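What's in final24.cif: mmCIF, C-alpha atoms
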data_coords
#
loop_
_atom_site.label_atom_id
_atom_site.label_comp_id
_atom_site.auth_asym_id
_atom_site.auth_seq_id
_atom_site.Cartn_x
_atom_site.Cartn_y
_atom_site.Cartn_z
CA LYS Y 1 74.47 -3.60 16.77
CA ASN Y 2 74.33 0.09 15.88
CA GLN Y 3 71.88 1.86 18.14
CA VAL Y 4 70.84 5.33 19.25
CA GLU Y 5 69.12 5.76 22.62
CA GLN Y 6 67.51 8.98 23.78
CA SER Y 7 66.31 10.17 27.16
CA PRO Y 8 63.98 11.22 28.50
CA GLN Y 9 61.21 9.82 26.32
CA SER Y 10 59.07 12.87 27.07
CA LEU Y 11 59.53 16.13 28.93
CA ILE Y 12 57.24 18.96 30.01
CA ILE Y 13 58.68 22.36 30.93
CA LEU Y 14 57.34 25.86 31.46
CA GLU Y 15 57.92 28.58 28.92
CA GLY Y 16 61.18 30.43 29.54
CA LYS Y 17 62.90 27.51 31.27
CA ASN Y 18 65.97 25.65 30.01
CA CYS Y 19 66.19 21.92 29.35
CA THR Y 20 68.72 19.30 28.25
CA LEU Y 21 68.02 16.23 26.16
CA GLN Y 22 70.37 13.23 26.10
CA CYS Y 23 71.55 10.86 23.39
CA ASN Y 24 73.79 7.77 23.69
CA TYR Y 25 74.93 5.84 20.66
CA THR Y 26 76.88 2.73 19.72
CA VAL Y 27 77.22 3.45 15.99
CA SER Y 28 80.62 2.58 14.60
CA PRO Y 29 82.55 3.72 12.66
CA PHE Y 30 81.23 7.14 13.60
CA SER Y 31 80.88 9.87 11.00
CA ASN Y 32 78.66 12.58 12.43
CA LEU Y 33 75.79 13.26 14.81
CA ARG Y 34 72.79 15.43 14.09
CA TRP Y 35 69.88 16.74 16.05
CA TYR Y 36 66.58 17.16 14.23
CA LYS Y 37 63.39 18.89 15.32
CA GLN Y 38 60.16 17.28 14.15
CA ASP Y 39 56.88 19.10 14.59
CA THR Y 40 53.76 16.96 14.77
CA GLY Y 41 52.74 15.80 11.30
CA ARG Y 42 55.83 17.27 9.65
CA GLY Y 43 59.20 16.03 8.45
CA PRO Y 44 62.34 16.44 10.59
CA VAL Y 45 64.33 19.66 10.24
CA SER Y 46 68.05 19.74 10.99
CA LEU Y 47 69.22 21.79 13.98
CA THR Y 48 72.91 20.91 14.22
CA ILE Y 49 75.44 18.49 12.77
CA MET Y 50 78.73 17.62 14.45
CA THR Y 51 81.68 15.59 13.25
CA PHE Y 52 84.15 13.64 15.37
CA SER Y 53 86.40 16.64 15.99
CA GLU Y 54 83.63 19.00 17.14
CA ASN Y 55 82.43 18.96 20.73
CA THR Y 56 79.92 21.80 20.68
CA LYS Y 57 77.77 23.59 18.14
CA SER Y 58 75.08 26.22 18.54
CA ASN Y 59 72.09 27.24 16.48
CA GLY Y 60 70.34 30.14 18.16
CA ARG Y 61 68.88 28.91 21.45
CA TYR Y 62 69.93 25.34 20.68
CA THR Y 63 73.38 24.10 21.76
CA ALA Y 64 74.53 20.57 21.05
CA THR Y 65 77.51 18.88 22.66
CA LEU Y 66 79.34 15.73 21.63
CA ASP Y 67 81.68 13.47 23.59
CA ALA Y 68 82.97 11.01 21.01
CA ASP Y 69 84.94 9.10 23.66
CA THR Y 70 81.88 8.22 25.74
CA LYS Y 71 79.59 8.27 22.69
CA GLN Y 72 77.21 10.74 24.25
CA SER Y 73 75.55 13.90 23.02
CA SER Y 74 73.21 16.44 24.55
CA LEU Y 75 70.94 19.15 23.20
CA HIS Y 76 70.44 22.15 25.45
CA ILE Y 77 67.51 24.49 24.82
CA THR Y 78 67.72 27.90 26.41
CA ALA Y 79 64.76 30.13 27.30
CA SER Y 80 62.19 27.75 25.86
CA GLN Y 81 59.29 29.01 23.76
CA LEU Y 82 55.93 27.48 23.01
CA SER Y 83 57.12 26.81 19.44
CA ASP Y 84 59.83 24.53 20.83
CA SER Y 85 57.15 21.92 21.50
CA ALA Y 86 58.15 19.08 19.17
CA SER Y 87 59.99 15.78 19.01
CA TYR Y 88 63.80 16.10 19.06
CA ILE Y 89 65.56 13.29 17.27
CA CYS Y 90 69.21 12.30 17.62
CA VAL Y 91 70.63 10.82 14.40
CA VAL Y 92 74.05 9.24 13.97
CA SER Y 93 75.71 8.57 10.64
CA ASP Y 94 78.33 5.93 10.00
CA ARG Y 95 81.14 6.20 7.49
CA GLY Y 96 81.19 2.54 6.59
CA SER Y 97 79.39 2.97 3.29
CA THR Y 98 79.00 5.47 0.48
CA LEU Y 99 75.36 5.87 1.52
CA GLY Y 100 76.35 7.28 4.90
CA ARG Y 101 73.60 5.34 6.62
CA LEU Y 102 71.65 7.17 9.33
CA TYR Y 103 70.62 5.62 12.64
CA PHE Y 104 67.66 7.34 14.29
CA GLY Y 105 66.71 7.56 17.94
CA ARG Y 106 63.04 7.45 18.90
CA GLY Y 107 63.09 11.08 19.92
CA THR Y 108 62.29 13.07 23.03
CA GLN Y 109 58.81 14.59 22.97
CA LEU Y 110 59.13 18.10 24.45
CA THR Y 111 56.07 20.03 25.53
CA VAL Y 112 56.41 23.66 26.56
CA TRP Y 113 53.55 25.03 28.66
CA PRO Y 114 52.73 28.73 29.02
CA GLU W 1 63.56 25.74 3.91
CA ALA W 2 64.12 22.57 1.87
CA ASP W 3 62.47 22.28 -1.55
CA ILE W 4 61.13 18.77 -1.21
CA TYR W 5 57.45 18.03 -1.63
CA GLN W 6 55.16 15.12 -0.89
CA THR W 7 51.60 14.48 -1.99
CA PRO W 8 49.12 13.69 -0.74
CA ARG W 9 49.71 14.86 2.82
CA TYR W 10 46.93 12.62 4.15
CA LEU W 11 45.34 9.56 2.55
CA VAL W 12 42.64 7.24 3.81
CA ILE W 13 42.05 4.26 1.56
CA GLY W 14 40.40 0.86 1.62
CA THR W 15 42.18 -2.48 1.71
CA GLY W 16 43.30 -3.81 -1.65
CA LYS W 17 43.62 -0.46 -3.39
CA LYS W 18 46.72 0.53 -5.33
CA ILE W 19 48.31 3.77 -4.19
CA THR W 20 51.24 5.93 -5.21
CA LEU W 21 52.86 8.41 -2.87
CA GLU W 22 54.58 11.23 -4.71
CA CYS W 23 57.89 12.84 -3.78
CA SER W 24 59.73 15.52 -5.70
CA GLN W 25 62.68 17.80 -5.01
CA THR W 26 64.01 20.81 -6.88
CA MET W 27 67.51 20.86 -5.39
CA GLY W 28 69.12 18.60 -7.98
CA HIS W 29 70.06 16.00 -5.35
CA ASP W 30 71.12 12.59 -6.64
CA LYS W 31 70.36 10.66 -3.44
CA MET W 32 66.77 10.18 -2.34
CA TYR W 33 65.21 8.11 0.41
CA TRP W 34 61.91 6.80 1.73
CA TYR W 35 61.39 6.29 5.46
CA GLN W 36 58.51 4.80 7.41
CA GLN W 37 57.68 6.15 10.85
CA ASP W 38 55.10 4.92 13.34
CA PRO W 39 54.01 7.17 16.25
CA GLY W 40 56.67 7.43 18.95
CA MET W 41 59.05 5.24 17.01
CA GLU W 42 62.24 5.86 15.07
CA LEU W 43 62.39 6.36 11.32
CA HIS W 44 63.15 3.22 9.32
CA LEU W 45 64.72 3.34 5.87
CA ILE W 46 62.63 1.35 3.38
CA HIS W 47 64.04 2.46 0.00
CA TYR W 48 66.83 4.63 -1.37
CA SER W 49 68.28 5.72 -4.68
CA TYR W 50 71.73 6.91 -5.71
CA GLY W 51 70.38 8.50 -8.88
CA VAL W 52 68.34 7.90 -12.03
CA ASN W 53 67.56 4.20 -12.64
CA SER W 54 69.05 3.29 -9.24
CA THR W 55 66.81 1.86 -6.48
CA GLU W 56 67.73 -0.20 -3.43
CA LYS W 57 65.83 -1.70 -0.51
CA GLY W 58 66.51 -0.29 2.93
CA ASP W 59 66.78 -1.81 6.38
CA LEU W 60 63.07 -2.39 6.93
CA SER W 61 61.34 -4.88 4.69
CA SER W 62 58.51 -3.25 2.80
CA GLU W 63 55.96 -4.47 0.26
CA SER W 64 56.19 -1.14 -1.50
CA THR W 65 58.18 -0.45 -4.66
CA VAL W 66 59.89 2.68 -5.94
CA SER W 67 61.11 4.06 -9.24
CA ARG W 68 63.58 6.77 -10.22
CA ILE W 69 63.09 7.77 -13.85
CA ARG W 70 63.89 11.45 -13.26
CA THR W 71 66.34 12.99 -10.81
CA GLU W 72 63.69 15.12 -9.13
CA HIS W 73 61.00 12.46 -8.76
CA PHE W 74 60.94 9.37 -6.47
CA PRO W 75 57.44 7.88 -6.19
CA LEU W 76 56.52 4.99 -3.88
CA THR W 77 53.82 2.50 -4.87
CA LEU W 78 51.78 -0.03 -2.92
CA GLU W 79 50.07 -2.47 -5.30
CA SER W 80 47.54 -3.69 -2.72
CA ALA W 81 47.21 -1.65 0.46
CA ARG W 82 46.62 -3.42 3.78
CA PRO W 83 45.89 -2.10 7.30
CA SER W 84 49.48 -3.05 8.27
CA HIS W 85 50.67 -0.35 5.82
CA THR W 86 49.10 2.36 7.96
CA SER W 87 51.97 4.67 8.89
CA GLN W 88 53.69 7.97 8.10
CA TYR W 89 55.92 7.91 5.03
CA LEU W 90 58.73 10.46 4.80
CA CYS W 91 60.75 11.24 1.70
CA ALA W 92 64.21 12.80 1.89
CA SER W 93 67.05 13.84 -0.38
CA SER W 94 70.69 14.63 0.22
CA GLU W 95 73.49 16.66 -1.24
CA ASN W 96 76.29 15.15 -3.22
CA PRO W 97 79.41 16.13 -1.24
CA HIS W 98 81.46 13.74 0.83
CA PRO W 99 79.15 11.42 2.81
CA SER W 100 80.59 12.52 6.15
CA SER W 101 79.16 16.00 5.75
CA TYR W 102 76.04 15.60 3.67
CA GLU W 103 72.72 16.88 4.93
CA GLN W 104 69.39 15.09 4.46
CA TYR W 105 66.35 17.24 3.78
CA PHE W 106 62.95 15.81 4.58
CA GLY W 107 59.59 16.37 3.02
CA PRO W 108 56.48 17.01 5.15
CA GLY W 109 55.40 13.37 5.01
CA THR W 110 52.29 11.45 3.92
CA ARG W 111 50.04 10.06 6.64
CA LEU W 112 48.53 6.87 5.21
CA THR W 113 45.58 5.09 6.81
CA VAL W 114 44.34 1.84 5.31
CA THR W 115 40.90 0.76 6.51
#
Once more with this new file: its structure as structure tokens, please.
Amino acid sequence: KNQVEQSPQSLIILEGKNCTLQCNYTVSPFSNLRWYKQDTGRGPVSLTIMTFSENTKSNGRYTATLDADTKQSSLHITASQLSDSASYICVVSDRGSTLGRLYFGRGTQLTVWP
Amino acid sequence: EADIYQTPRYLVIGTGKKITLECSQTMGHDKMYWYQQDPGMELHLIHYSYGVNSTEKGDLSSESTVSRIRTEHFPLTLESARPSHTSQYLCASSENPHPSSYEQYFGPGTRLTVT
């Protein structure tokens, strides 16, 4: 069964600190992995997308890593800001259909305190 | 910033009412999707469309229906709303390139509460 598991479920950090969010998946055949940021009451916004051959990708203070062998990914946030408070969702796409079906994790709820 | 819009943003309605959630995009995307998301849970695909006059059911069974008469418009309808339909509904669209690289753009969502 294709699944995406994220940890931790929630995380509280102080402004300016770094943090790392984890994602494990069993989706096969693998196409790509994305990290989305979802603010409360809003739709998800893409942060990074990585294919099988990529093992790291950065977007400003966000750096995602991918280990396709162990089927693990992480999202590292550097120098956190209050605006980073949101749910971070790991999404894996398969290449078994023309739709490119997406499998969503439940997200990690990050809260940044001043 | 993605050009995909949803209305209304919030809706509180009584049981048995018919409702239509609107979704429109101005990016010319052929593929469009409807997801349902409960608090703290993952998004579930309930409907999708490859293009005009194409509609398919997603992974999660839903009593809602959709239509795709125009490329830019993908409304979702509930004929008779029930409290179990209370949820957040997210619309998305995607580009047309090879599926392994396409990006999905999400609307802001509609928070539906059925009393």
For stretch 9-15 of chain Y, find every residue with an atom within 10 Å (counting all atoms listed in the file), except residues of its own chain fewer than 2 positions away, and show them as an MDAnalysis selection string.
(chainID Y and resid 5:7 17:22 79:85 87:88 106:114) or (chainID W and resid 40)
Starting from chain Y, keep only residues with some atom at most 6 Å from an atom of chain W, counting only C-alpha atoms, and report them as a PDB file with C-alpha atoms, in the frame of the given file.
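Written file, iface-v9.pdb:
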ATOM      1  CA  SER Y  31      80.880   9.870  11.000  1.00  0.00           C
ATOM      2  CA  ARG Y  42      55.830  17.270   9.650  1.00  0.00           C
ATOM      3  CA  GLY Y  43      59.200  16.030   8.450  1.00  0.00           C
ATOM      4  CA  GLY Y 100      76.350   7.280   4.900  1.00  0.00           C
ATOM      5  CA  PHE Y 104      67.660   7.340  14.290  1.00  0.00           C
ATOM      6  CA  GLY Y 105      66.710   7.560  17.940  1.00  0.00           C
ATOM      7  CA  ARG Y 106      63.040   7.450  18.900  1.00  0.00           C
TER       8      ARG Y 106
END
Can you pull out the residues contacting stretch 12-21 of chain W? Cut-off 8 Å, using only C-alpha atoms, and skip same-chain residues under 4 positions away; I want them as a short mmCIF file (atom, residue, chain, number, x, y, z; two decimals) with C-alpha atoms, in the coordinates of the input.
data_model
loop_
_atom_site.label_atom_id
_atom_site.label_comp_id
_atom_site.auth_asym_id
_atom_site.auth_seq_id
_atom_site.Cartn_x
_atom_site.Cartn_y
_atom_site.Cartn_z
CA GLN W 6 55.16 15.12 -0.89
CA THR W 7 51.60 14.48 -1.99
CA PRO W 8 49.12 13.69 -0.74
CA PRO W 75 57.44 7.88 -6.19
CA LEU W 76 56.52 4.99 -3.88
CA THR W 77 53.82 2.50 -4.87
CA LEU W 78 51.78 -0.03 -2.92
CA GLU W 79 50.07 -2.47 -5.30
CA SER W 80 47.54 -3.69 -2.72
CA ALA W 81 47.21 -1.65 0.46
CA ARG W 82 46.62 -3.42 3.78
CA PRO W 83 45.89 -2.10 7.30
CA THR W 110 52.29 11.45 3.92
CA LEU W 112 48.53 6.87 5.21
CA THR W 113 45.58 5.09 6.81
CA VAL W 114 44.34 1.84 5.31
CA THR W 115 40.90 0.76 6.51
#
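Here atom CA of Y:Ser93 is placed at a distance of 21.6 Å from atom CA of W:Ser54.
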Could you tell me which residues the PyMOL selection byres ((chain Y and resi 33) around 7) grabs in this file, written as a PyMOL selection string?
chain Y and resi 32+34-35+49-51+91-93
Contacts of stretch 61-65 of chain Y at 8 Å or less, counting all atoms listed in the file, minus same-chain residues fewer than 3 places along, as a list in words?
Trp35, Leu47, Thr48, Asn55, Thr56, Lys57, Ser58, Ser73, Ser74, Leu75, His76, Ile77, Thr78 and Ala79 of chain Y
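Picture a line from atom CA of Y:Asp39 to atom CA of W:Asp38; it runs 14.3 Å.
You will find atom CA of Y:Arg95 at 29.2 Å from atom CA of W:Ser87.
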Contacts of Y:Gln3 at 7 Å (all atoms listed in the file; same-chain gap of 5+ positions) as a PyMOL selection string
chain Y and resi 25-27+103
Using the chain letters and numbering of this document, enumerate as a PyMOL selection string the residues selected by the PyMOL selection byres ((chain W and resi 71-74) around 10).
chain W and resi 4-6+21-34+47-53+55+66-70+75-76+91-93
Which centre and which edge lengths, in Å to one decimal, describe the axis-aligned box that holds all listed atoms of stretch 77-84 of chain W after 4 Å is added on each side, as lines of an AutoDock Vina configuration file?
center_x = 49.9
center_y = -0.6
center_z = 1.5
size_x = 15.9
size_y = 14.2
size_z = 21.6
